[in-house]
$ cat input-v8.cif   # mmCIF, C-alpha atoms
data_my_file
#
loop_
_atom_site.label_atom_id
_atom_site.label_comp_id
_atom_site.auth_asym_id
_atom_site.auth_seq_id
_atom_site.Cartn_x
_atom_site.Cartn_y
_atom_site.Cartn_z
CA GLY Q 1 89.36 150.49 169.80
CA GLN Q 2 91.25 153.15 167.88
CA PRO Q 3 89.28 155.00 165.16
CA ARG Q 4 90.71 154.72 161.66
CA PRO Q 5 91.83 157.88 159.87
CA ALA Q 6 90.40 156.59 156.58
CA GLU Q 7 88.01 153.94 155.35
CA VAL Q 8 89.45 150.52 154.60
CA GLU Q 9 88.15 147.48 152.77
CA PHE Q 10 88.30 144.01 154.28
CA PHE Q 11 88.74 141.68 151.33
CA ALA Q 12 88.41 138.50 153.46
CA GLU Q 13 86.12 137.32 156.21
CA PRO Q 14 87.51 136.45 159.66
CA PRO Q 15 87.60 132.65 160.12
CA ALA Q 16 84.96 131.37 162.50
CA GLU Q 17 87.65 129.33 164.30
CA ILE Q 18 89.25 132.41 165.88
CA GLY Q 19 86.06 133.21 167.80
CA LYS Q 20 84.77 136.67 168.58
CA VAL Q 21 86.86 139.27 166.73
CA THR Q 22 88.42 141.85 169.05
CA SER Q 23 90.59 143.70 166.52
CA GLY Q 24 90.86 144.01 162.75
CA GLU Q 25 92.82 146.02 160.21
CA SER Q 26 93.33 146.26 156.45
CA THR Q 27 95.73 148.13 154.18
CA LEU Q 28 93.32 148.11 151.22
CA ARG Q 29 91.62 151.42 150.52
CA PRO Q 30 88.21 151.37 148.79
CA GLY Q 31 88.51 151.54 145.03
CA ARG Q 32 92.25 150.88 144.90
CA GLN Q 33 93.31 148.91 141.83
CA ALA Q 34 96.58 147.35 140.79
CA MET Q 35 98.76 149.63 138.68
CA PRO Q 36 99.27 148.15 135.18
CA PHE Q 37 102.73 146.68 134.71
CA PRO Q 38 103.56 148.86 131.66
CA VAL Q 39 102.90 151.97 133.77
CA ARG Q 40 105.05 150.67 136.61
CA LEU Q 41 107.80 149.80 134.14
CA LEU Q 42 107.60 153.25 132.54
CA ILE Q 43 107.94 154.97 135.91
CA GLY Q 44 110.92 152.79 136.77
CA VAL Q 45 112.61 153.40 133.42
CA VAL Q 46 112.15 157.15 133.75
CA ALA Q 47 113.53 157.21 137.29
CA GLY Q 48 116.42 154.88 136.45
CA GLY Q 49 117.15 156.69 133.18
CA ALA Q 50 117.38 160.01 134.99
CA ILE Q 51 120.00 158.59 137.33
CA VAL Q 52 122.00 157.08 134.46
CA PHE Q 53 121.88 160.42 132.64
CA ALA Q 54 123.07 162.19 135.81
CA GLY Q 55 126.06 159.85 135.94
CA TYR Q 56 127.05 160.69 132.37
CA TRP Q 57 126.45 164.42 132.95
CA LEU Q 58 128.63 164.50 136.08
CA GLY Q 59 131.40 162.62 134.32
CA ARG Q 60 131.50 164.70 131.15
CA SER Q 61 134.15 167.11 132.45
CA ALA Q 62 135.95 164.68 134.76
CA SER Q 63 139.14 162.76 134.12
CA PRO Q 64 138.84 159.54 132.10
CA VAL Q 65 139.06 157.40 135.23
CA ASP Q 66 136.47 159.46 137.13
CA ARG Q 67 134.24 159.58 134.06
CA VAL Q 68 134.08 155.78 133.97
CA THR Q 69 133.35 155.75 137.71
CA PHE Q 70 130.47 158.24 137.41
CA GLN Q 71 129.01 156.37 134.47
CA GLY Q 72 129.31 153.03 136.23
CA LEU Q 73 127.66 154.35 139.39
CA GLY Q 74 124.92 155.87 137.27
CA TRP Q 75 124.11 152.50 135.77
CA VAL Q 76 124.26 150.73 139.14
CA PHE Q 77 121.94 153.18 140.89
CA GLY Q 78 119.74 153.48 137.81
CA VAL Q 79 119.10 149.74 137.67
CA ALA Q 80 118.54 149.75 141.44
CA ALA Q 81 115.99 152.54 141.06
CA LEU Q 82 114.15 150.51 138.42
CA GLY Q 83 113.98 147.49 140.72
CA ILE Q 84 112.88 149.52 143.74
CA THR Q 85 110.17 151.25 141.72
CA LEU Q 86 108.75 147.94 140.53
CA LEU Q 87 108.81 146.70 144.13
CA VAL Q 88 107.10 149.65 145.79
CA THR Q 89 104.43 150.01 143.09
CA ARG Q 90 103.33 146.40 143.17
CA PHE Q 91 99.85 145.56 144.41
CA LYS Q 92 100.14 143.95 147.85
CA VAL Q 93 97.61 144.44 150.64
CA VAL Q 94 97.03 142.73 153.96
CA CYS Q 95 94.07 142.40 156.27
CA SER Q 96 94.27 140.78 159.67
CA PHE Q 97 91.98 139.75 162.51
CA VAL Q 98 92.52 139.04 166.19
CA GLY Q 99 89.94 136.86 167.90
CA GLU Q 100 89.50 135.43 171.35
CA GLN Q 101 90.61 131.99 170.14
CA GLY Q 102 93.23 132.85 167.51
CA ILE Q 103 94.56 135.21 164.87
CA ALA Q 104 94.36 135.30 161.07
CA SER Q 105 96.07 137.24 158.29
CA PHE Q 106 95.28 137.43 154.58
CA THR Q 107 97.66 138.72 151.90
CA LEU Q 108 96.50 139.73 148.43
CA LYS Q 109 99.09 140.16 145.67
CA GLY Q 110 99.02 141.07 141.99
CA HIS Q 111 95.42 142.23 141.60
CA ARG Q 112 92.14 142.46 143.48
CA ASP Q 113 90.70 139.28 141.93
CA ALA Q 114 93.61 137.09 143.07
CA LYS Q 115 93.08 134.47 145.75
CA PRO Q 116 94.27 135.76 149.14
CA LYS Q 117 96.98 133.80 150.91
CA ALA Q 118 95.72 132.92 154.38
CA GLN Q 119 97.64 132.35 157.59
CA LEU Q 120 95.86 131.08 160.70
CA LEU Q 121 96.91 130.44 164.28
CA LEU Q 122 94.58 128.88 166.81
CA PHE Q 123 95.68 129.53 170.36
CA ALA Q 124 94.67 126.01 171.39
CA GLN Q 125 97.46 124.67 169.16
CA ALA Q 126 100.15 126.93 170.65
CA GLU Q 127 102.15 126.50 173.82
CA GLU Q 128 104.38 129.55 174.12
CA LEU Q 129 104.79 133.11 172.90
CA ARG Q 130 108.12 134.90 173.04
CA ALA Q 131 107.91 138.65 172.52
CA LYS Q 132 111.15 140.49 171.85
CA GLN Q 133 111.57 144.23 171.35
CA ILE Q 134 114.83 146.14 170.90
CA ARG Q 135 115.01 149.93 171.02
CA GLN Q 136 117.67 151.12 168.59
CA TYR Q 137 119.86 154.18 169.03
CA VAL Q 138 122.46 155.87 166.83
CA ASN Q 139 124.81 158.23 168.68
CA GLY Q 140 122.34 158.35 171.52
CA VAL Q 141 119.39 159.26 169.30
CA TYR Q 142 116.39 156.92 169.17
CA THR Q 143 115.90 155.61 165.62
CA GLY Q 144 113.21 152.97 166.07
CA THR Q 145 112.20 149.71 167.71
CA SER Q 146 112.50 146.26 166.16
CA TYR Q 147 110.25 143.42 167.29
CA ASP Q 148 110.13 139.66 166.89
CA TYR Q 149 107.09 137.74 168.17
CA THR Q 150 107.05 133.95 167.83
CA TRP Q 151 104.40 131.41 168.81
CA THR Q 152 105.55 127.81 169.18
CA GLY Q 153 103.75 124.50 169.67
CA PRO Q 154 104.12 121.86 172.39
CA GLY Q 155 107.12 120.35 170.61
CA GLY Q 156 108.85 123.69 170.13
CA GLN Q 157 107.88 123.93 166.45
CA ARG Q 158 107.33 127.43 165.11
CA LEU Q 159 103.67 128.15 164.36
CA TRP Q 160 103.67 131.87 163.62
CA ARG Q 161 106.36 134.55 163.55
CA VAL Q 162 105.92 138.28 163.05
CA LYS Q 163 108.97 140.53 162.63
CA GLY Q 164 109.22 144.20 161.86
CA SER Q 165 110.00 147.62 163.23
CA TYR Q 166 108.23 150.81 164.19
CA ARG Q 167 109.11 154.28 165.39
CA GLN Q 168 107.56 155.37 168.65
CA ARG Q 169 106.19 158.91 168.48
CA LYS Q 170 105.28 161.32 171.26
CA LYS Q 171 101.59 160.84 170.44
CA GLY Q 172 101.99 157.05 170.32
CA LEU Q 173 101.96 154.70 167.37
CA ARG Q 174 100.46 156.02 164.18
CA PRO Q 175 97.02 154.67 163.18
CA GLY Q 176 97.29 151.49 161.14
CA GLU Q 177 100.80 150.69 162.37
CA PRO Q 178 101.36 146.91 161.74
CA PHE Q 179 102.73 146.52 165.27
CA ARG Q 180 99.23 147.16 166.61
CA PHE Q 181 98.22 143.76 165.21
CA VAL Q 182 101.03 142.15 167.22
CA GLN Q 183 100.01 144.03 170.35
CA ALA Q 184 96.39 142.95 170.04
CA ALA Q 185 97.44 139.37 169.33
CA GLU Q 186 99.64 139.25 172.44
CA VAL Q 187 96.81 140.54 174.62
CA ALA Q 188 94.33 138.02 173.21
CA TRP Q 189 96.85 135.18 173.62
CA SER Q 190 97.61 136.19 177.21
CA VAL Q 191 93.91 136.24 178.11
CA HIS Q 192 93.57 132.79 176.56
CA TYR Q 193 96.65 131.47 178.36
CA LEU Q 194 95.40 132.65 181.75
CA GLU Q 195 93.05 129.66 181.85
CA ARG Q 196 96.00 127.29 181.51
CA ALA Q 197 97.97 129.22 184.11
CA ASP Q 198 95.08 129.06 186.57
CA LYS Q 199 94.75 125.32 185.98
CA ALA Q 200 98.48 124.79 186.61
CA LEU Q 201 98.27 126.86 189.81
CA LYS Q 202 95.41 124.73 191.13
CA THR Q 203 96.88 121.35 190.18
CA GLU Q 204 100.63 121.96 190.64
CA GLY Q 205 100.68 124.77 193.19
CA SER Q 206 102.62 127.12 190.90
CA ILE Q 207 102.76 128.32 187.29
CA PRO Q 208 105.78 127.39 185.13
CA PHE Q 209 107.39 129.87 182.74
CA ARG Q 210 110.16 128.54 180.54
CA VAL Q 211 113.16 130.78 179.92
CA ASP Q 212 115.05 128.36 177.68
CA LYS Q 213 115.70 124.63 177.38
CA GLN Q 214 117.58 124.51 180.68
CA ARG Q 215 115.81 127.13 182.82
CA VAL Q 216 112.29 127.45 184.19
CA VAL Q 217 110.82 129.92 186.68
CA ARG Q 218 107.74 128.92 188.66
CA VAL Q 219 105.48 131.45 190.37
CA GLY Q 220 103.31 130.43 193.30
CA PRO Q 221 101.41 132.18 196.09
CA GLY Q 222 104.13 134.17 197.84
CA PHE Q 223 107.13 132.42 196.28
CA LEU Q 224 109.31 132.07 193.21
CA GLU Q 225 111.10 128.86 192.31
CA PHE Q 226 114.15 128.94 190.04
CA HIS Q 227 114.99 125.76 188.12
CA PHE Q 228 118.32 126.95 186.72
CA GLY Q 229 120.26 123.68 186.91
CA GLY Q 230 120.87 121.59 189.99
CA GLU Q 231 118.35 121.64 192.79
CA PRO Q 232 115.45 124.11 192.48
CA VAL Q 233 115.79 127.23 194.62
CA ARG Q 234 112.65 128.62 196.23
CA LEU Q 235 112.51 132.24 197.37
CA THR Q 236 109.64 133.70 199.36
CA HIS Q 237 108.72 137.35 199.27
CA GLU Q 238 110.72 137.86 202.48
CA ASP Q 239 113.83 136.27 200.90
CA ILE Q 240 113.96 138.69 197.98
CA ALA Q 241 115.87 141.93 198.49
CA SER Q 242 115.09 143.47 195.10
CA VAL Q 243 113.33 142.84 191.81
CA ASN Q 244 114.22 144.87 188.73
CA LEU Q 245 113.21 144.95 185.10
CA GLY Q 246 115.64 147.24 183.33
CA SER Q 247 116.76 147.25 179.69
CA GLY Q 248 114.54 144.24 179.08
CA THR Q 249 116.21 142.06 181.75
CA PHE Q 250 114.64 140.64 184.91
CA GLN Q 251 116.90 140.63 187.95
CA PHE Q 252 116.05 138.96 191.24
CA LYS Q 253 118.37 139.32 194.23
CA HIS Q 254 118.35 137.28 197.44
CA LYS Q 255 118.64 139.31 200.63
CA ASP Q 256 121.83 137.42 201.57
CA ALA Q 257 123.52 137.82 198.16
CA LYS Q 258 127.01 139.35 198.35
CA TRP Q 259 128.06 142.16 196.04
CA TYR Q 260 131.13 140.20 194.92
CA SER Q 261 129.29 136.96 194.13
CA LEU Q 262 126.72 135.78 191.58
CA SER Q 263 125.22 133.42 194.12
CA GLY Q 264 121.71 134.46 195.07
CA ARG Q 265 121.23 136.46 191.86
CA TYR Q 266 118.93 135.36 189.03
CA ALA Q 267 118.69 137.18 185.73
CA PHE Q 268 117.10 136.53 182.34
CA GLU Q 269 115.79 138.56 179.40
CA TYR Q 270 112.11 139.38 179.11
CA GLY Q 271 112.15 138.47 175.41
CA ASN Q 272 113.49 134.98 176.12
CA MET Q 273 110.76 134.05 178.60
CA ALA Q 274 107.70 132.26 177.30
CA ASN Q 275 104.42 134.07 177.93
CA ALA Q 276 106.18 136.95 179.69
CA ARG Q 277 103.08 139.14 179.85
CA VAL Q 278 101.31 136.46 181.92
CA PHE Q 279 104.47 136.18 184.04
CA LEU Q 280 104.16 139.90 184.87
CA LEU Q 281 100.53 139.37 185.88
CA ALA Q 282 101.48 136.36 188.04
CA LEU Q 283 104.19 138.41 189.78
CA ASP Q 284 101.57 141.05 190.52
CA LYS Q 285 98.78 138.80 191.74
CA LEU Q 286 100.83 136.12 193.54
CA MET Q 287 103.92 138.06 194.68
CA GLY Q 288 102.86 141.69 194.84
CA TYR Q 289 105.38 142.99 192.30
CA ARG Q 290 103.79 145.33 189.75
CA TRP Q 291 105.10 147.07 186.63
CA ASN Q 292 103.28 149.75 184.67
#

$ encode --input "input-v8.cif" --output "structure tokens"
Amino acid sequence: GQPRPAEVEFFAEPPAEIGKVTSGESTLRPGRQAMPFPVRLLIGVVAGGAIVFAGYWLGRSASPVDRVTFQGLGWVFGVAALGITLLVTRFKVVCSFVGEQGIASFTLKGHRDAKPKAQLLLFAQAEELRAKQIRQYVNGVYTGTSYDYTWTGPGGQRLWRVKGSYRQRKKGLRPGEPFRFVQAAEVAWSVHYLERADKALKTEGSIPFRVDKQRVVRVGPGFLEFHFGGEPVRLTHEDIASVNLGSGTFQFKHKDAKWYSLSGRYAFEYGNMANARVFLLALDKLMGYRWN
């Protein structure tokens, strides 16, 4: 629902299989053409040549050993500049769509007339989504957030993975930020998965959420059930002394848990839990625990 700051061109149609489109984005601006390779090469040679020249210029009055060092570094960074220039000036654009039944992404490389490379995920084929985010700090200063979202099938096979990073700003994410595609995809997937969760609640009495191969948490009306090895442990709302979600980790504490013991304490990372956004909704609707 966010307005775009500039016009974009969608060079592919959304697949009918993903259903009604709820979000779409493209990095192709109208009229953009691929830069000819000779021009890209010329820019790279000029940039790299300038760095090589700087190495020779800095080493002209240095000692013989330092002169060789400056010249060598000039060549190393000059070649690197050539490679980086060719990389950043290449023609590569992406358009993506989020639908009620799936997501699709198209990548166009080389030139506008090339055949786009398509990637498609239908939610009906997926079983779990794990959404990991890590806020990164250097000397206490926020430098960005990395994310890793992975959809897997019933057998645990990877169906789609999106990795990247973004920098959170005071005004929110910038328009066109690639992470917005991941956000929209997670919301659409969660809405789709709610039907399965509701079916499990009606037929099994609770909704299962897998943490890893050995651990499962089930949420039912007024209770949580921890399958963490051994016999399952069921806790009602009255049994739970506290529930916390800090630094990306869920922590549940039994009212009889001792401060010196791990017994009665259950913890796991948000990013490791399958379909964690639906888990938050289940905690709200079935247990009365709500997070903003």

$ resolve_selection --input "input-v8.cif" --expression "the PyMOL selection byres ((chain Q and resi 132-143) around 10)" --output "number ranges by chain"
Q: 129-131, 144-150, 163-168, 247-248, 269-273, 276

$ resolve_selection --input "input-v8.cif" --expression "the PyMOL selection byres ((chain Q and resi 71-84) around 7)" --output "short mmCIF file (atom, residue, chain, number, x, y, z; two decimals) with C-alpha atoms, keeping the file's coordinate frame"
data_model
loop_
_atom_site.label_atom_id
_atom_site.label_comp_id
_atom_site.auth_asym_id
_atom_site.auth_seq_id
_atom_site.Cartn_x
_atom_site.Cartn_y
_atom_site.Cartn_z
CA GLY Q 44 110.92 152.79 136.77
CA VAL Q 45 112.61 153.40 133.42
CA ALA Q 47 113.53 157.21 137.29
CA GLY Q 48 116.42 154.88 136.45
CA GLY Q 49 117.15 156.69 133.18
CA ILE Q 51 120.00 158.59 137.33
CA VAL Q 52 122.00 157.08 134.46
CA ALA Q 54 123.07 162.19 135.81
CA GLY Q 55 126.06 159.85 135.94
CA TYR Q 56 127.05 160.69 132.37
CA GLY Q 59 131.40 162.62 134.32
CA ARG Q 67 134.24 159.58 134.06
CA VAL Q 68 134.08 155.78 133.97
CA THR Q 69 133.35 155.75 137.71
CA PHE Q 70 130.47 158.24 137.41
CA THR Q 85 110.17 151.25 141.72
CA LEU Q 86 108.75 147.94 140.53
CA LEU Q 87 108.81 146.70 144.13
CA VAL Q 88 107.10 149.65 145.79
#

$ residues_around --input "input-v8.cif" --residues "Q:Trp160" --least-positions-apart "4" --cutoff "10 Å" --atoms "only C-alpha atoms" --output "compact mmCIF listing (two decimals) with C-alpha atoms, in the frame of the given file"
# COMPACT_ATOMS: atom_id res chain seq x y z
CA ILE Q 103 94.56 135.21 164.87
CA GLN Q 119 97.64 132.35 157.59
CA LEU Q 120 95.86 131.08 160.70
CA LEU Q 121 96.91 130.44 164.28
CA ALA Q 126 100.15 126.93 170.65
CA LEU Q 129 104.79 133.11 172.90
CA TYR Q 149 107.09 137.74 168.17
CA THR Q 150 107.05 133.95 167.83
CA TRP Q 151 104.40 131.41 168.81
CA THR Q 152 105.55 127.81 169.18
CA GLY Q 153 103.75 124.50 169.67

$ closest_atom_pairs --input "input-v8.cif" --of "stretch 38-148 of chain Q" --to "stretch 172-182 of chain Q" --cutoff "8 Å" --atoms "all atoms listed in the file" --output "tab-separated table"
residue	atom	partner	partner_atom	distance
Q:Ser96	CA	Q:Phe181	CA	7.4
Q:Phe97	CA	Q:Phe181	CA	7.9
Q:Val98	CA	Q:Phe181	CA	7.5

$ resolve_selection --input "input-v8.cif" --expression "the PyMOL selection byres ((chain Q and resi 255) around 6)" --output "list in words"
Asp239, Ile240, Ala241, His254, Asp256 and Ala257 of chain Q

$ closest_atom_pairs --input "input-v8.cif" --of "stretch 115-137 of chain Q" --to "stretch 108-111 of chain Q" --cutoff "10 Å" --atoms "all atoms listed in the file" --output "JSON lines"
{"residue": "Q:Lys115", "atom": "CA", "partner": "Q:Leu108", "partner_atom": "CA", "distance": 6.8}
{"residue": "Q:Pro116", "atom": "CA", "partner": "Q:Leu108", "partner_atom": "CA", "distance": 4.6}
{"residue": "Q:Lys117", "atom": "CA", "partner": "Q:Leu108", "partner_atom": "CA", "distance": 6.4}
{"residue": "Q:Ala118", "atom": "CA", "partner": "Q:Leu108", "partner_atom": "CA", "distance": 9.1}

$ axis_aligned_box --input "input-v8.cif" --around "stretch 53-61 of chain Q" --padding-each-side "3 Å" --output "JSON"
{"center_x": 128.0, "center_y": 163.5, "center_z": 133.6, "size_x": 18.3, "size_y": 13.3, "size_z": 10.9}

$ closest_atom_pairs --input "input-v8.cif" --of "stretch 81-165 of chain Q" --to "stretch 21-25 of chain Q" --cutoff "12 Å" --atoms "all atoms listed in the file" --output "CSV"
residue,atom,partner,partner_atom,distance
Q:Val93,CA,Q:Glu25,CA,10.8
Q:Val94,CA,Q:Glu25,CA,8.2
Q:Cys95,CA,Q:Glu25,CA,5.5
Q:Ser96,CA,Q:Glu25,CA,5.5
Q:Phe97,CA,Q:Gly24,CA,4.4
Q:Val98,CA,Q:Ser23,CA,5.1
Q:Gly99,CA,Q:Val21,CA,4.1
Q:Glu100,CA,Q:Val21,CA,6.6
Q:Gln101,CA,Q:Val21,CA,8.9
Q:Gly102,CA,Q:Val21,CA,9.1
Q:Ile103,CA,Q:Val21,CA,8.9
Q:Ala104,CA,Q:Gly24,CA,9.5
Q:Ser105,CA,Q:Glu25,CA,9.6
Q:Phe106,CA,Q:Glu25,CA,10.6

$ atom_distance --input "input-v8.cif" --atom1 "atom CA of Q:Lys20" --atom2 "atom CA of Q:Tyr193"
16.2 Å

$ atom_distance --input "input-v8.cif" --atom1 "atom CA of Q:Thr203" --atom2 "atom CA of Q:Pro221"
13.1 Å

$ atom_distance --input "input-v8.cif" --atom1 "atom CA of Q:Ile207" --atom2 "atom CA of Q:Gly220"
6.4 Å

$ residues_near_point --input "input-v8.cif" --point "(91.3, 149.4, 142.1)" --cutoff "12 Å" --atoms "all atoms listed in the file" --output "JSON, numbers by chain"
{"Q": [9, 28, 29, 30, 31, 32, 33, 34, 35, 36, 91, 92, 93, 110, 111, 112, 113]}

$ closest_residue --input "input-v8.cif" --among "Q:Phe250, Q:Phe123, Q:Trp57, Q:Phe228" --to "Q:Glu17" --atoms "all atoms listed in the file"
Q:Phe123

$ residues_around --input "input-v8.cif" --residues "Q:Leu283" --least-positions-apart "5" --cutoff "9 Å" --atoms "all atoms listed in the file" --output "PyMOL selection string"
chain Q and resi 219-220+224+278+288-290

$ closest_residue --input "input-v8.cif" --among "Q:Glu128, Q:Glu186, Q:Glu13, Q:Asp198" --to "Q:Leu286" --atoms "all atoms listed in the file"
Q:Asp198
